[in-house]
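Here is the file upload-v4.cif (mmCIF, C-alpha atoms; chains and numbers go by the auth columns).
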```cif
data_final
loop_
_atom_site.group_PDB
_atom_site.id
_atom_site.type_symbol
_atom_site.label_atom_id
_atom_site.label_comp_id
_atom_site.label_asym_id
_atom_site.label_seq_id
_atom_site.Cartn_x
_atom_site.Cartn_y
_atom_site.Cartn_z
_atom_site.B_iso_or_equiv
_atom_site.auth_seq_id
_atom_site.auth_asym_id
ATOM 1 C CA MET A 1 -17.929 -7.364 14.093 0.00 312 A
ATOM 2 C CA LYS A 2 -14.626 -7.352 15.997 0.00 313 A
ATOM 3 C CA PHE A 3 -11.909 -9.630 14.632 0.00 314 A
ATOM 4 C CA THR A 4 -9.071 -11.180 16.609 0.00 315 A
ATOM 5 C CA LEU A 5 -5.505 -10.032 16.082 0.00 316 A
ATOM 6 C CA ARG A 6 -4.709 -13.390 14.493 0.00 317 A
ATOM 7 C CA ALA A 7 -7.490 -12.916 11.948 0.00 318 A
ATOM 8 C CA ARG A 8 -6.379 -9.370 11.199 0.00 319 A
ATOM 9 C CA LEU A 9 -2.767 -10.412 10.736 0.00 320 A
ATOM 10 C CA THR A 10 -3.823 -13.251 8.443 0.00 321 A
ATOM 11 C CA ALA A 11 -5.801 -10.761 6.359 0.00 322 A
ATOM 12 C CA GLU A 12 -2.829 -8.385 6.157 0.00 323 A
ATOM 13 C CA PHE A 13 -0.474 -11.206 5.177 0.00 324 A
ATOM 14 C CA THR A 14 -2.798 -12.635 2.543 0.00 325 A
ATOM 15 C CA GLY A 15 -3.627 -9.243 1.083 0.00 326 A
ATOM 16 C CA SER A 16 0.058 -8.340 0.868 0.00 327 A
ATOM 17 C CA VAL A 17 0.797 -11.625 -0.920 0.00 328 A
ATOM 18 C CA PHE A 18 -1.838 -10.939 -3.550 0.00 329 A
ATOM 19 C CA LEU A 19 -0.909 -7.277 -3.933 0.00 330 A
ATOM 20 C CA VAL A 20 2.730 -8.012 -4.730 0.00 331 A
ATOM 21 C CA ALA A 21 1.811 -11.017 -6.860 0.00 332 A
ATOM 22 C CA ALA A 22 -0.391 -8.655 -8.884 0.00 333 A
ATOM 23 C CA VAL A 23 2.328 -6.004 -9.196 0.00 334 A
ATOM 24 C CA ILE A 24 5.110 -8.366 -10.228 0.00 335 A
ATOM 25 C CA GLY A 25 2.999 -10.896 -12.125 0.00 336 A
ATOM 26 C CA SER A 26 1.287 -8.269 -14.262 0.00 337 A
ATOM 27 C CA GLY A 27 4.679 -6.704 -14.954 0.00 338 A
ATOM 28 C CA VAL A 28 6.028 -10.019 -16.223 0.00 339 A
ATOM 29 C CA MET A 29 2.919 -10.728 -18.286 0.00 340 A
ATOM 30 C CA GLY A 30 2.810 -7.211 -19.677 0.00 341 A
ATOM 31 C CA GLU A 31 6.460 -7.274 -20.674 0.00 342 A
ATOM 32 C CA ARG A 32 6.108 -10.678 -22.358 0.00 343 A
ATOM 33 C CA LEU A 33 3.052 -9.641 -24.360 0.00 344 A
ATOM 34 C CA ALA A 34 4.029 -6.045 -25.184 0.00 345 A
ATOM 35 C CA GLY A 35 6.714 -6.985 -27.703 0.00 346 A
ATOM 36 C CA GLY A 36 9.207 -4.480 -26.326 0.00 347 A
ATOM 37 C CA ASN A 37 6.699 -1.618 -26.003 0.00 348 A
ATOM 38 C CA VAL A 38 7.390 -0.359 -22.469 0.00 349 A
ATOM 39 C CA ALA A 39 4.333 1.912 -22.451 0.00 350 A
ATOM 40 C CA ILE A 40 2.005 -1.022 -23.111 0.00 351 A
ATOM 41 C CA ALA A 41 3.751 -3.105 -20.459 0.00 352 A
ATOM 42 C CA LEU A 42 3.378 -0.292 -17.931 0.00 353 A
ATOM 43 C CA LEU A 43 -0.281 0.152 -18.827 0.00 354 A
ATOM 44 C CA ALA A 44 -0.937 -3.543 -18.197 0.00 355 A
ATOM 45 C CA ASN A 45 0.955 -3.310 -14.905 0.00 356 A
ATOM 46 C CA THR A 46 -1.034 -0.221 -13.919 0.00 357 A
ATOM 47 C CA VAL A 47 -4.514 -1.560 -14.633 0.00 358 A
ATOM 48 C CA ALA A 48 -3.856 -4.910 -12.955 0.00 359 A
ATOM 49 C CA THR A 49 -2.427 -3.290 -9.821 0.00 360 A
ATOM 50 C CA GLY A 50 -5.253 -0.772 -9.456 0.00 361 A
ATOM 51 C CA ALA A 51 -7.935 -3.399 -10.010 0.00 362 A
ATOM 52 C CA ALA A 52 -6.283 -5.773 -7.539 0.00 363 A
ATOM 53 C CA LEU A 53 -6.143 -3.036 -4.906 0.00 364 A
ATOM 54 C CA ILE A 54 -9.855 -2.339 -5.230 0.00 365 A
ATOM 55 C CA ALA A 55 -10.712 -6.036 -4.904 0.00 366 A
ATOM 56 C CA LEU A 56 -8.332 -6.635 -2.004 0.00 367 A
ATOM 57 C CA ILE A 57 -9.475 -3.611 -0.010 0.00 368 A
ATOM 58 C CA LEU A 58 -13.111 -4.612 -0.489 0.00 369 A
ATOM 59 C CA THR A 59 -12.268 -8.151 0.634 0.00 370 A
ATOM 60 C CA PHE A 60 -9.983 -7.545 3.598 0.00 371 A
ATOM 61 C CA GLY A 61 -10.914 -4.009 4.626 0.00 372 A
ATOM 62 C CA PRO A 62 -13.705 -5.098 6.976 0.00 373 A
ATOM 63 C CA ILE A 63 -11.322 -7.524 8.696 0.00 374 A
ATOM 64 C CA SER A 64 -8.016 -5.696 9.131 0.00 375 A
ATOM 65 C CA GLY A 65 -8.492 -2.286 7.549 0.00 376 A
ATOM 66 C CA ALA A 66 -6.593 -3.538 4.485 0.00 377 A
ATOM 67 C CA HIS A 67 -3.444 -1.533 5.116 0.00 378 A
ATOM 68 C CA PHE A 68 -1.020 -3.795 3.207 0.00 379 A
ATOM 69 C CA ASN A 69 1.464 -0.950 3.696 0.00 380 A
ATOM 70 C CA PRO A 70 3.770 -0.179 6.653 0.00 381 A
ATOM 71 C CA ALA A 71 3.466 3.560 5.969 0.00 382 A
ATOM 72 C CA VAL A 72 -0.302 3.375 6.427 0.00 383 A
ATOM 73 C CA THR A 73 0.045 1.295 9.582 0.00 384 A
ATOM 74 C CA LEU A 74 2.681 3.625 11.041 0.00 385 A
ATOM 75 C CA VAL A 75 0.435 6.662 10.574 0.00 386 A
ATOM 76 C CA GLU A 76 -2.543 4.771 12.011 0.00 387 A
ATOM 77 C CA ALA A 77 -0.522 4.015 15.154 0.00 388 A
ATOM 78 C CA ILE A 78 0.722 7.603 15.435 0.00 389 A
ATOM 79 C CA GLU A 79 -2.890 8.803 15.209 0.00 390 A
ATOM 80 C CA HIS A 80 -3.914 6.336 17.960 0.00 391 A
ATOM 81 C CA GLY A 81 -6.011 4.271 15.592 0.00 392 A
ATOM 82 C CA MET A 82 -4.253 1.103 16.772 0.00 393 A
ATOM 83 C CA SER A 83 -1.770 0.059 19.453 0.00 394 A
ATOM 84 C CA TRP A 84 1.953 0.048 18.768 0.00 395 A
ATOM 85 C CA PRO A 85 2.319 -3.713 19.423 0.00 396 A
ATOM 86 C CA ASP A 86 -0.456 -4.399 16.896 0.00 397 A
ATOM 87 C CA ALA A 87 1.178 -1.993 14.441 0.00 398 A
ATOM 88 C CA ALA A 88 4.526 -3.761 14.776 0.00 399 A
ATOM 89 C CA ALA A 89 2.832 -7.100 14.090 0.00 400 A
ATOM 90 C CA TYR A 90 1.006 -5.637 11.075 0.00 401 A
ATOM 91 C CA ILE A 91 4.248 -4.303 9.600 0.00 402 A
ATOM 92 C CA ALA A 92 6.015 -7.625 10.100 0.00 403 A
ATOM 93 C CA VAL A 93 3.342 -9.657 8.330 0.00 404 A
ATOM 94 C CA GLN A 94 3.004 -7.065 5.567 0.00 405 A
ATOM 95 C CA CYS A 95 6.717 -7.385 4.777 0.00 406 A
ATOM 96 C CA LEU A 96 6.631 -11.183 4.985 0.00 407 A
ATOM 97 C CA GLY A 97 3.503 -11.327 2.841 0.00 408 A
ATOM 98 C CA ALA A 98 5.003 -8.992 0.250 0.00 409 A
ATOM 99 C CA ILE A 99 8.144 -11.127 -0.023 0.00 410 A
ATOM 100 C CA ALA A 100 6.030 -14.278 -0.283 0.00 411 A
ATOM 101 C CA GLY A 101 3.979 -12.598 -3.013 0.00 412 A
ATOM 102 C CA ALA A 102 7.130 -11.944 -5.019 0.00 413 A
ATOM 103 C CA GLY A 103 8.076 -15.615 -4.784 0.00 414 A
ATOM 104 C CA VAL A 104 4.604 -16.752 -5.801 0.00 415 A
ATOM 105 C CA ALA A 105 4.569 -14.429 -8.820 0.00 416 A
ATOM 106 C CA HIS A 106 7.962 -15.681 -9.957 0.00 417 A
ATOM 107 C CA ARG A 107 6.976 -19.318 -9.716 0.00 418 A
ATOM 108 C CA MET A 108 3.720 -18.725 -11.621 0.00 419 A
ATOM 109 C CA PHE A 109 5.835 -17.548 -14.556 0.00 420 A
ATOM 110 C CA GLY A 110 8.480 -20.246 -14.277 0.00 421 A
ATOM 111 C CA LEU A 111 11.122 -18.006 -12.700 0.00 422 A
ATOM 112 C CA ARG A 112 13.361 -18.624 -9.700 0.00 423 A
ATOM 113 C CA TRP A 113 11.735 -17.971 -6.335 0.00 424 A
ATOM 114 C CA PHE A 114 13.843 -14.848 -5.787 0.00 425 A
ATOM 115 C CA SER A 115 16.584 -12.955 -7.609 0.00 426 A
ATOM 116 C CA LEU A 116 18.083 -9.590 -6.653 0.00 427 A
ATOM 117 C CA SER A 117 16.989 -6.873 -9.031 0.00 428 A
ATOM 118 C CA THR A 118 19.485 -4.910 -11.106 0.00 429 A
ATOM 119 C CA HIS A 119 16.839 -2.371 -12.193 0.00 430 A
ATOM 120 C CA SER A 120 18.365 0.972 -11.215 0.00 431 A
ATOM 121 C CA ARG A 121 15.942 3.517 -9.765 0.00 432 A
ATOM 122 C CA HIS A 122 18.124 6.203 -8.226 0.00 433 A
ATOM 123 C CA GLY A 123 18.305 9.969 -8.283 0.00 434 A
ATOM 124 C CA GLY A 124 16.606 12.907 -6.642 0.00 435 A
ATOM 125 C CA ALA A 125 13.707 12.966 -9.117 0.00 436 A
ATOM 126 C CA LEU A 126 12.678 9.426 -8.229 0.00 437 A
ATOM 127 C CA VAL A 127 13.051 9.990 -4.492 0.00 438 A
ATOM 128 C CA LEU A 128 10.884 13.109 -4.769 0.00 439 A
ATOM 129 C CA SER A 129 8.394 11.058 -6.787 0.00 440 A
ATOM 130 C CA GLU A 130 8.110 8.557 -3.957 0.00 441 A
ATOM 131 C CA PHE A 131 7.506 11.341 -1.448 0.00 442 A
ATOM 132 C CA VAL A 132 4.772 12.793 -3.669 0.00 443 A
ATOM 133 C CA ALA A 133 3.242 9.378 -4.450 0.00 444 A
ATOM 134 C CA THR A 134 3.009 8.359 -0.796 0.00 445 A
ATOM 135 C CA PHE A 135 1.843 11.786 0.360 0.00 446 A
ATOM 136 C CA GLY A 136 -0.932 11.554 -2.205 0.00 447 A
ATOM 137 C CA LEU A 137 -1.846 7.990 -1.280 0.00 448 A
ATOM 138 C CA LEU A 138 -2.132 8.784 2.430 0.00 449 A
ATOM 139 C CA SER A 139 -4.085 11.931 1.624 0.00 450 A
ATOM 140 C CA VAL A 140 -6.572 9.904 -0.412 0.00 451 A
ATOM 141 C CA ILE A 141 -6.869 7.274 2.327 0.00 452 A
ATOM 142 C CA TRP A 142 -7.162 9.852 5.114 0.00 453 A
ATOM 143 C CA GLY A 143 -9.695 12.024 3.337 0.00 454 A
ATOM 144 C CA THR A 144 -11.956 9.291 2.002 0.00 455 A
ATOM 145 C CA SER A 145 -11.863 7.142 5.148 0.00 456 A
ATOM 146 C CA ARG A 146 -13.082 10.068 7.255 0.00 457 A
ATOM 147 C CA LEU A 147 -15.484 11.671 4.811 0.00 458 A
ATOM 148 C CA ARG A 148 -16.556 8.953 2.343 0.00 459 A
ATOM 149 C CA PRO A 149 -15.500 5.596 3.796 0.00 460 A
ATOM 150 C CA MET A 150 -17.397 3.523 1.211 0.00 461 A
ATOM 151 C CA ALA A 151 -15.280 5.132 -1.535 0.00 462 A
ATOM 152 C CA VAL A 152 -11.890 4.117 -0.092 0.00 463 A
ATOM 153 C CA PRO A 153 -11.260 1.008 -2.272 0.00 464 A
ATOM 154 C CA PHE A 154 -12.123 2.812 -5.493 0.00 465 A
ATOM 155 C CA ALA A 155 -10.309 6.016 -4.581 0.00 466 A
ATOM 156 C CA VAL A 156 -7.122 4.137 -3.654 0.00 467 A
ATOM 157 C CA GLY A 157 -7.204 1.988 -6.790 0.00 468 A
ATOM 158 C CA ALA A 158 -7.822 5.020 -9.010 0.00 469 A
ATOM 159 C CA TYR A 159 -5.080 7.037 -7.328 0.00 470 A
ATOM 160 C CA ILE A 160 -2.459 4.301 -7.699 0.00 471 A
ATOM 161 C CA MET A 161 -3.369 3.791 -11.362 0.00 472 A
ATOM 162 C CA SER A 162 -2.871 7.489 -12.039 0.00 473 A
ATOM 163 C CA ALA A 163 0.253 7.792 -9.886 0.00 474 A
ATOM 164 C CA TYR A 164 1.954 5.062 -11.940 0.00 475 A
ATOM 165 C CA TRP A 165 1.877 7.594 -14.771 0.00 476 A
ATOM 166 C CA PHE A 166 2.353 11.004 -13.172 0.00 477 A
ATOM 167 C CA THR A 167 5.343 10.067 -10.987 0.00 478 A
ATOM 168 C CA ALA A 168 8.785 9.318 -12.389 0.00 479 A
ATOM 169 C CA SER A 169 9.192 6.358 -10.019 0.00 480 A
ATOM 170 C CA THR A 170 5.897 4.708 -11.113 0.00 481 A
ATOM 171 C CA SER A 171 4.590 5.111 -7.569 0.00 482 A
ATOM 172 C CA PHE A 172 5.821 2.317 -5.312 0.00 483 A
ATOM 173 C CA ALA A 173 4.402 4.230 -2.289 0.00 484 A
ATOM 174 C CA ASN A 174 4.780 1.211 0.007 0.00 485 A
ATOM 175 C CA PRO A 175 7.888 0.111 1.955 0.00 486 A
ATOM 176 C CA ALA A 176 6.879 -3.581 2.051 0.00 487 A
ATOM 177 C CA VAL A 177 6.242 -3.665 -1.694 0.00 488 A
ATOM 178 C CA THR A 178 9.528 -1.836 -2.305 0.00 489 A
ATOM 179 C CA ILE A 179 11.479 -4.430 -0.340 0.00 490 A
ATOM 180 C CA ALA A 180 9.737 -7.284 -2.148 0.00 491 A
ATOM 181 C CA ARG A 181 10.390 -5.744 -5.559 0.00 492 A
ATOM 182 C CA SER A 182 14.112 -5.596 -4.780 0.00 493 A
ATOM 183 C CA LEU A 183 13.984 -9.421 -4.848 0.00 494 A
ATOM 184 C CA SER A 184 12.564 -9.494 -8.368 0.00 495 A
ATOM 185 C CA GLU A 185 14.719 -9.277 -11.491 0.00 496 A
ATOM 186 C CA THR A 186 11.663 -8.382 -13.566 0.00 497 A
ATOM 187 C CA PHE A 187 9.923 -5.350 -15.071 0.00 498 A
ATOM 188 C CA ALA A 188 8.752 -4.248 -11.597 0.00 499 A
ATOM 189 C CA GLY A 189 12.122 -4.635 -9.856 0.00 500 A
ATOM 190 C CA ILE A 190 14.303 -2.139 -8.013 0.00 501 A
ATOM 191 C CA GLN A 191 17.933 -2.739 -7.129 0.00 502 A
ATOM 192 C CA PRO A 192 18.467 -3.178 -3.361 0.00 503 A
ATOM 193 C CA ALA A 193 20.832 -0.191 -3.153 0.00 504 A
ATOM 194 C CA ASP A 194 17.974 2.127 -4.103 0.00 505 A
ATOM 195 C CA VAL A 195 15.527 0.786 -1.512 0.00 506 A
ATOM 196 C CA PRO A 196 16.605 2.831 1.574 0.00 507 A
ATOM 197 C CA LEU A 197 16.015 6.235 -0.027 0.00 508 A
ATOM 198 C CA PHE A 198 12.717 5.068 -1.520 0.00 509 A
ATOM 199 C CA VAL A 199 11.514 3.875 1.884 0.00 510 A
ATOM 200 C CA ALA A 200 12.703 7.061 3.612 0.00 511 A
ATOM 201 C CA ALA A 201 10.829 9.193 1.070 0.00 512 A
ATOM 202 C CA GLN A 202 7.706 7.049 1.453 0.00 513 A
ATOM 203 C CA LEU A 203 7.697 7.402 5.234 0.00 514 A
ATOM 204 C CA ALA A 204 8.329 11.154 4.996 0.00 515 A
ATOM 205 C CA GLY A 205 5.440 11.516 2.565 0.00 516 A
ATOM 206 C CA ALA A 206 3.115 9.512 4.798 0.00 517 A
ATOM 207 C CA LEU A 207 3.994 11.511 7.906 0.00 518 A
ATOM 208 C CA THR A 208 3.577 14.820 6.080 0.00 519 A
ATOM 209 C CA ALA A 209 0.117 13.786 4.893 0.00 520 A
ATOM 210 C CA ALA A 210 -0.785 12.788 8.457 0.00 521 A
ATOM 211 C CA VAL A 211 0.189 16.224 9.747 0.00 522 A
ATOM 212 C CA LEU A 212 -1.860 17.950 7.049 0.00 523 A
ATOM 213 C CA PHE A 213 -4.989 15.846 7.555 0.00 524 A
ATOM 214 C CA ARG A 214 -4.743 16.035 11.336 0.00 525 A
ATOM 215 C CA TRP A 215 -5.509 19.720 10.761 0.00 526 A
ATOM 216 C CA LEU A 216 -7.876 19.405 7.786 0.00 527 A
ATOM 217 C CA VAL A 217 -10.015 16.519 9.018 0.00 528 A
ATOM 218 C CA PRO A 218 -9.221 15.728 12.667 0.00 529 A
ATOM 219 C CA ARG A 219 -10.004 12.256 13.958 0.00 530 A
ATOM 220 C CA PRO A 220 -13.158 12.331 16.107 0.00 531 A
ATOM 221 C CA SER A 221 -12.528 12.009 19.830 0.00 532 A
ATOM 222 C CA ALA A 222 -13.751 8.916 21.671 0.00 533 A
ATOM 223 C CA GLU A 223 -16.601 10.991 23.140 0.00 534 A
ATOM 224 C CA GLN A 224 -17.639 12.230 19.673 0.00 535 A
ATOM 225 C CA GLU A 225 -17.573 8.679 18.267 0.00 536 A
ATOM 226 C CA VAL A 226 -19.799 7.419 21.087 0.00 537 A
ATOM 227 C CA ALA A 227 -22.169 10.347 20.588 0.00 538 A
ATOM 228 C CA GLY A 228 -22.360 9.573 16.879 0.00 539 A
ATOM 229 C CA GLU A 229 -23.156 5.940 17.577 0.00 540 A
ATOM 230 C CA LEU A 230 -25.883 6.941 20.007 0.00 541 A
ATOM 231 C CA ARG A 231 -27.433 9.295 17.476 0.00 542 A
ATOM 232 C CA ALA A 232 -27.489 6.451 14.950 0.00 543 A
ATOM 233 C CA ILE A 233 -29.570 4.197 17.217 0.00 544 A
ATOM 234 C CA PRO A 234 -33.225 4.105 16.043 0.00 545 A
ATOM 235 C CA ARG A 235 -35.646 5.547 18.550 0.00 546 A
#
```
Give the structure from the file, written as structure tokens.
Amino acid sequence: MKFTLRARLTAEFTGSVFLVAAVIGSGVMGERLAGGNVAIALLANTVATGAALIALILTFGPISGAHFNPAVTLVEAIEHGMSWPDAAAYIAVQCLGAIAGAGVAHRMFGLRWFSLSTHSRHGGALVLSEFVATFGLLSVIWGTSRLRPMAVPFAVGAYIMSAYWFTASTSFANPAVTIARSLSETFAGIQPADVPLFVAAQLAGALTAAVLFRWLVPRPSAEQEVAGELRAIPR
């Protein structure tokens, strides 16, 4: 079934709202219930985010592809999986949805709609972590979507849950989410001054993964896709 651009943009906006609400909301809840134990708070944040990703990709994937991430959309446009005007619209609604999700999460916990974060996340180790986290995320998406498409939601959720723990930055891996988290003075926040380098590292990681997987698992040509569809027709 082919969905209109309006439907796809609505799916991307809604999914981005829920993704950021899950990230920030679970961080607030985890911190409040952990009694000062940061590891427990991070674990709660991790499980909630990974589970939300699985559910959201299963829900919105058939409609919009469930990008919820400008880095994913940028690579998709570079690889000719979507037009540049559509990609620009996707990125815009992803950022707006992410910001709205931050506001919704804050209000659910009785906080102000928005407040600039003072949570410092700077330094070369964290920037490298964001490169690695996003490279890994795009690799998982690229590999599973081309070889095991039904596994994408579970692979992405599992990867993000693990990357929270094996990267020093706790794996933001998403420019829209990074921007939204700069507006949250909570456990999940990042001070605005640290956002540009995070986003640059995320985009570099995404593009590097695209180059690698263009060689490892090339996208089928239009002729190959048509031939595959014809072979799938019962005779």
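Here atom CA of A:Val522 stands at a distance of 16.1 Å from atom CA of A:Ala444.
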What are the closest atom pairs, with distances in Å to one decimal, for all residues of stretch 462-493 of chain A lying within 12 Å of stretch 450-453 of chain A? Consider all atoms listed in the file, order rows by chain and residue number, and present the result as JSON lines.
```
{"residue": "A:Ala462", "atom": "CA", "partner": "A:Ile452", "partner_atom": "CA", "distance": 9.5}
{"residue": "A:Val463", "atom": "CA", "partner": "A:Ile452", "partner_atom": "CA", "distance": 6.4}
{"residue": "A:Pro464", "atom": "CA", "partner": "A:Ile452", "partner_atom": "CA", "distance": 8.9}
{"residue": "A:Phe465", "atom": "CA", "partner": "A:Val451", "partner_atom": "CA", "distance": 10.3}
{"residue": "A:Ala466", "atom": "CA", "partner": "A:Val451", "partner_atom": "CA", "distance": 6.8}
{"residue": "A:Val467", "atom": "CA", "partner": "A:Val451", "partner_atom": "CA", "distance": 6.6}
{"residue": "A:Gly468", "atom": "CA", "partner": "A:Val451", "partner_atom": "CA", "distance": 10.2}
{"residue": "A:Ala469", "atom": "CA", "partner": "A:Val451", "partner_atom": "CA", "distance": 10.0}
{"residue": "A:Tyr470", "atom": "CA", "partner": "A:Val451", "partner_atom": "CA", "distance": 7.6}
{"residue": "A:Ile471", "atom": "CA", "partner": "A:Val451", "partner_atom": "CA", "distance": 10.1}
{"residue": "A:Ala474", "atom": "CA", "partner": "A:Val451", "partner_atom": "CA", "distance": 11.9}
```
Could you tell me which residues the PyMOL selection byres ((chain A and resi 313-323) around 9) grabs in this file, written as a ChimeraX atom specification?
/A:312,324-328,371-372,374-380,397,400-402,404-405,408
Kindly resolve the PyMOL selection byres ((chain A and resi 416-424) around 6) on the present coordinates and return the residues as an MDAnalysis selection string.
chainID A and resid 332 336 413:415 425
Write to file, as a compact mmCIF listing (two decimals), in the coordinates of the input, the residues of the selection just made, with C-alpha atoms.
```
# COMPACT_ATOMS: atom_id res chain seq x y z
CA ALA A 332 1.81 -11.02 -6.86
CA GLY A 336 3.00 -10.90 -12.12
CA ALA A 413 7.13 -11.94 -5.02
CA GLY A 414 8.08 -15.62 -4.78
CA VAL A 415 4.60 -16.75 -5.80
CA PHE A 425 13.84 -14.85 -5.79
```
With all atoms listed in the file as the counted atoms, please give the residues lying no more than 9 Å from A:Ala363, apart from itself and same-chain residues fewer than 2 positions off, as a ChimeraX atom specification.
/A:329-330,333-334,358-361,365-368,468
Considering all atoms listed in the file, tabulate each residue of stretch 325-415 of chain A that lies at most 7 Å from stretch 490-512 of chain A along with its nearest interatomic pair and the corresponding distance in Å to one decimal; arrange the rows by chain and ascending residue number and present them as CSV.
```
residue,atom,partner,partner_atom,distance
A:Ile335,CA,A:Ala499,CA,5.7
A:Gly338,CA,A:Phe498,CA,5.4
A:Val339,CA,A:Phe498,CA,6.2
A:Glu342,CA,A:Phe498,CA,6.9
A:Ala409,CA,A:Ala491,CA,5.6
A:Ile410,CA,A:Ala491,CA,4.7
A:Ala413,CA,A:Ala491,CA,6.1
```
Calculate how many Å separate atom CA of A:Leu449 from atom CA of A:Thr519, rounding to one decimal.
9.1 Å
Could you tell me how far atom CA of A:Phe442 lies from atom CA of A:Asn356, in Å and to one decimal?
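We find that atom CA of A:Phe442 and atom CA of A:Asn356 lie 20.9 Å from each other.
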Among listed residues A:Ala436, A:Leu448, A:Met393, A:Leu458, nearest A:Ala520 (using all atoms listed in the file):
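Nearest candidate to A:Ala520 out of A:Ala436, A:Leu448, A:Met393, A:Leu458: A:Leu448.
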Starting from the PyMOL selection byres ((chain A and resi 479) around 8), expand the selection into actual residues of this file and give them as a compact mmCIF listing (two decimals) with C-alpha atoms, keeping the file's coordinate frame.
```
# COMPACT_ATOMS: atom_id res chain seq x y z
CA ALA A 436 13.71 12.97 -9.12
CA LEU A 437 12.68 9.43 -8.23
CA SER A 440 8.39 11.06 -6.79
CA TRP A 476 1.88 7.59 -14.77
CA PHE A 477 2.35 11.00 -13.17
CA THR A 478 5.34 10.07 -10.99
CA SER A 480 9.19 6.36 -10.02
CA THR A 481 5.90 4.71 -11.11
CA SER A 482 4.59 5.11 -7.57
```
Using all atoms listed in the file - which residues lie no farther than 6 Å from the point (4.2, -0.1, 9.8) in the file's frame? Write them as a VMD selection string.
chain A and resid 381 to 382 384 to 385 398 402
Resulting file, chosen residues, C-alpha atoms, as an mmCIF file, in the coordinates of the input:
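Writing the result to part06.cif gives the following:
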```
data_model
loop_
_atom_site.group_PDB
_atom_site.id
_atom_site.type_symbol
_atom_site.label_atom_id
_atom_site.label_comp_id
_atom_site.auth_asym_id
_atom_site.auth_seq_id
_atom_site.Cartn_x
_atom_site.Cartn_y
_atom_site.Cartn_z
ATOM 1 C CA PRO A 381 3.770 -0.179 6.653
ATOM 2 C CA ALA A 382 3.466 3.560 5.969
ATOM 3 C CA THR A 384 0.045 1.295 9.582
ATOM 4 C CA LEU A 385 2.681 3.625 11.041
ATOM 5 C CA ALA A 398 1.178 -1.993 14.441
ATOM 6 C CA ILE A 402 4.248 -4.303 9.600
#
```
Which residue out of A:Pro486, A:Gly412, A:Gly346, A:Gly435 has the minimum interatomic distance to A:Val383 when all atoms listed in the file are used?
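Under the stated criterion, the closest residue is A:Pro486.
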Pick from A:Gly454, A:Glu441, A:Leu514, A:Ala411 nearest to A:Trp526, counting only C-alpha atoms:
A:Gly454
Using all atoms listed in the file, find all polymer residues with an atom at most 9 Å away from the point (4.4, -3.2, -18.3); report them as a list in words.
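Residues satisfying the cut-off, written out: Ser337, Gly338, Val339, Met340, Gly341, Glu342, Arg343, Leu344, Ala345, Asn348, Val349, Ala350, Ile351, Ala352, Leu353, Leu354, Ala355, Asn356, Thr357, Phe498 and Ala499 of chain A.
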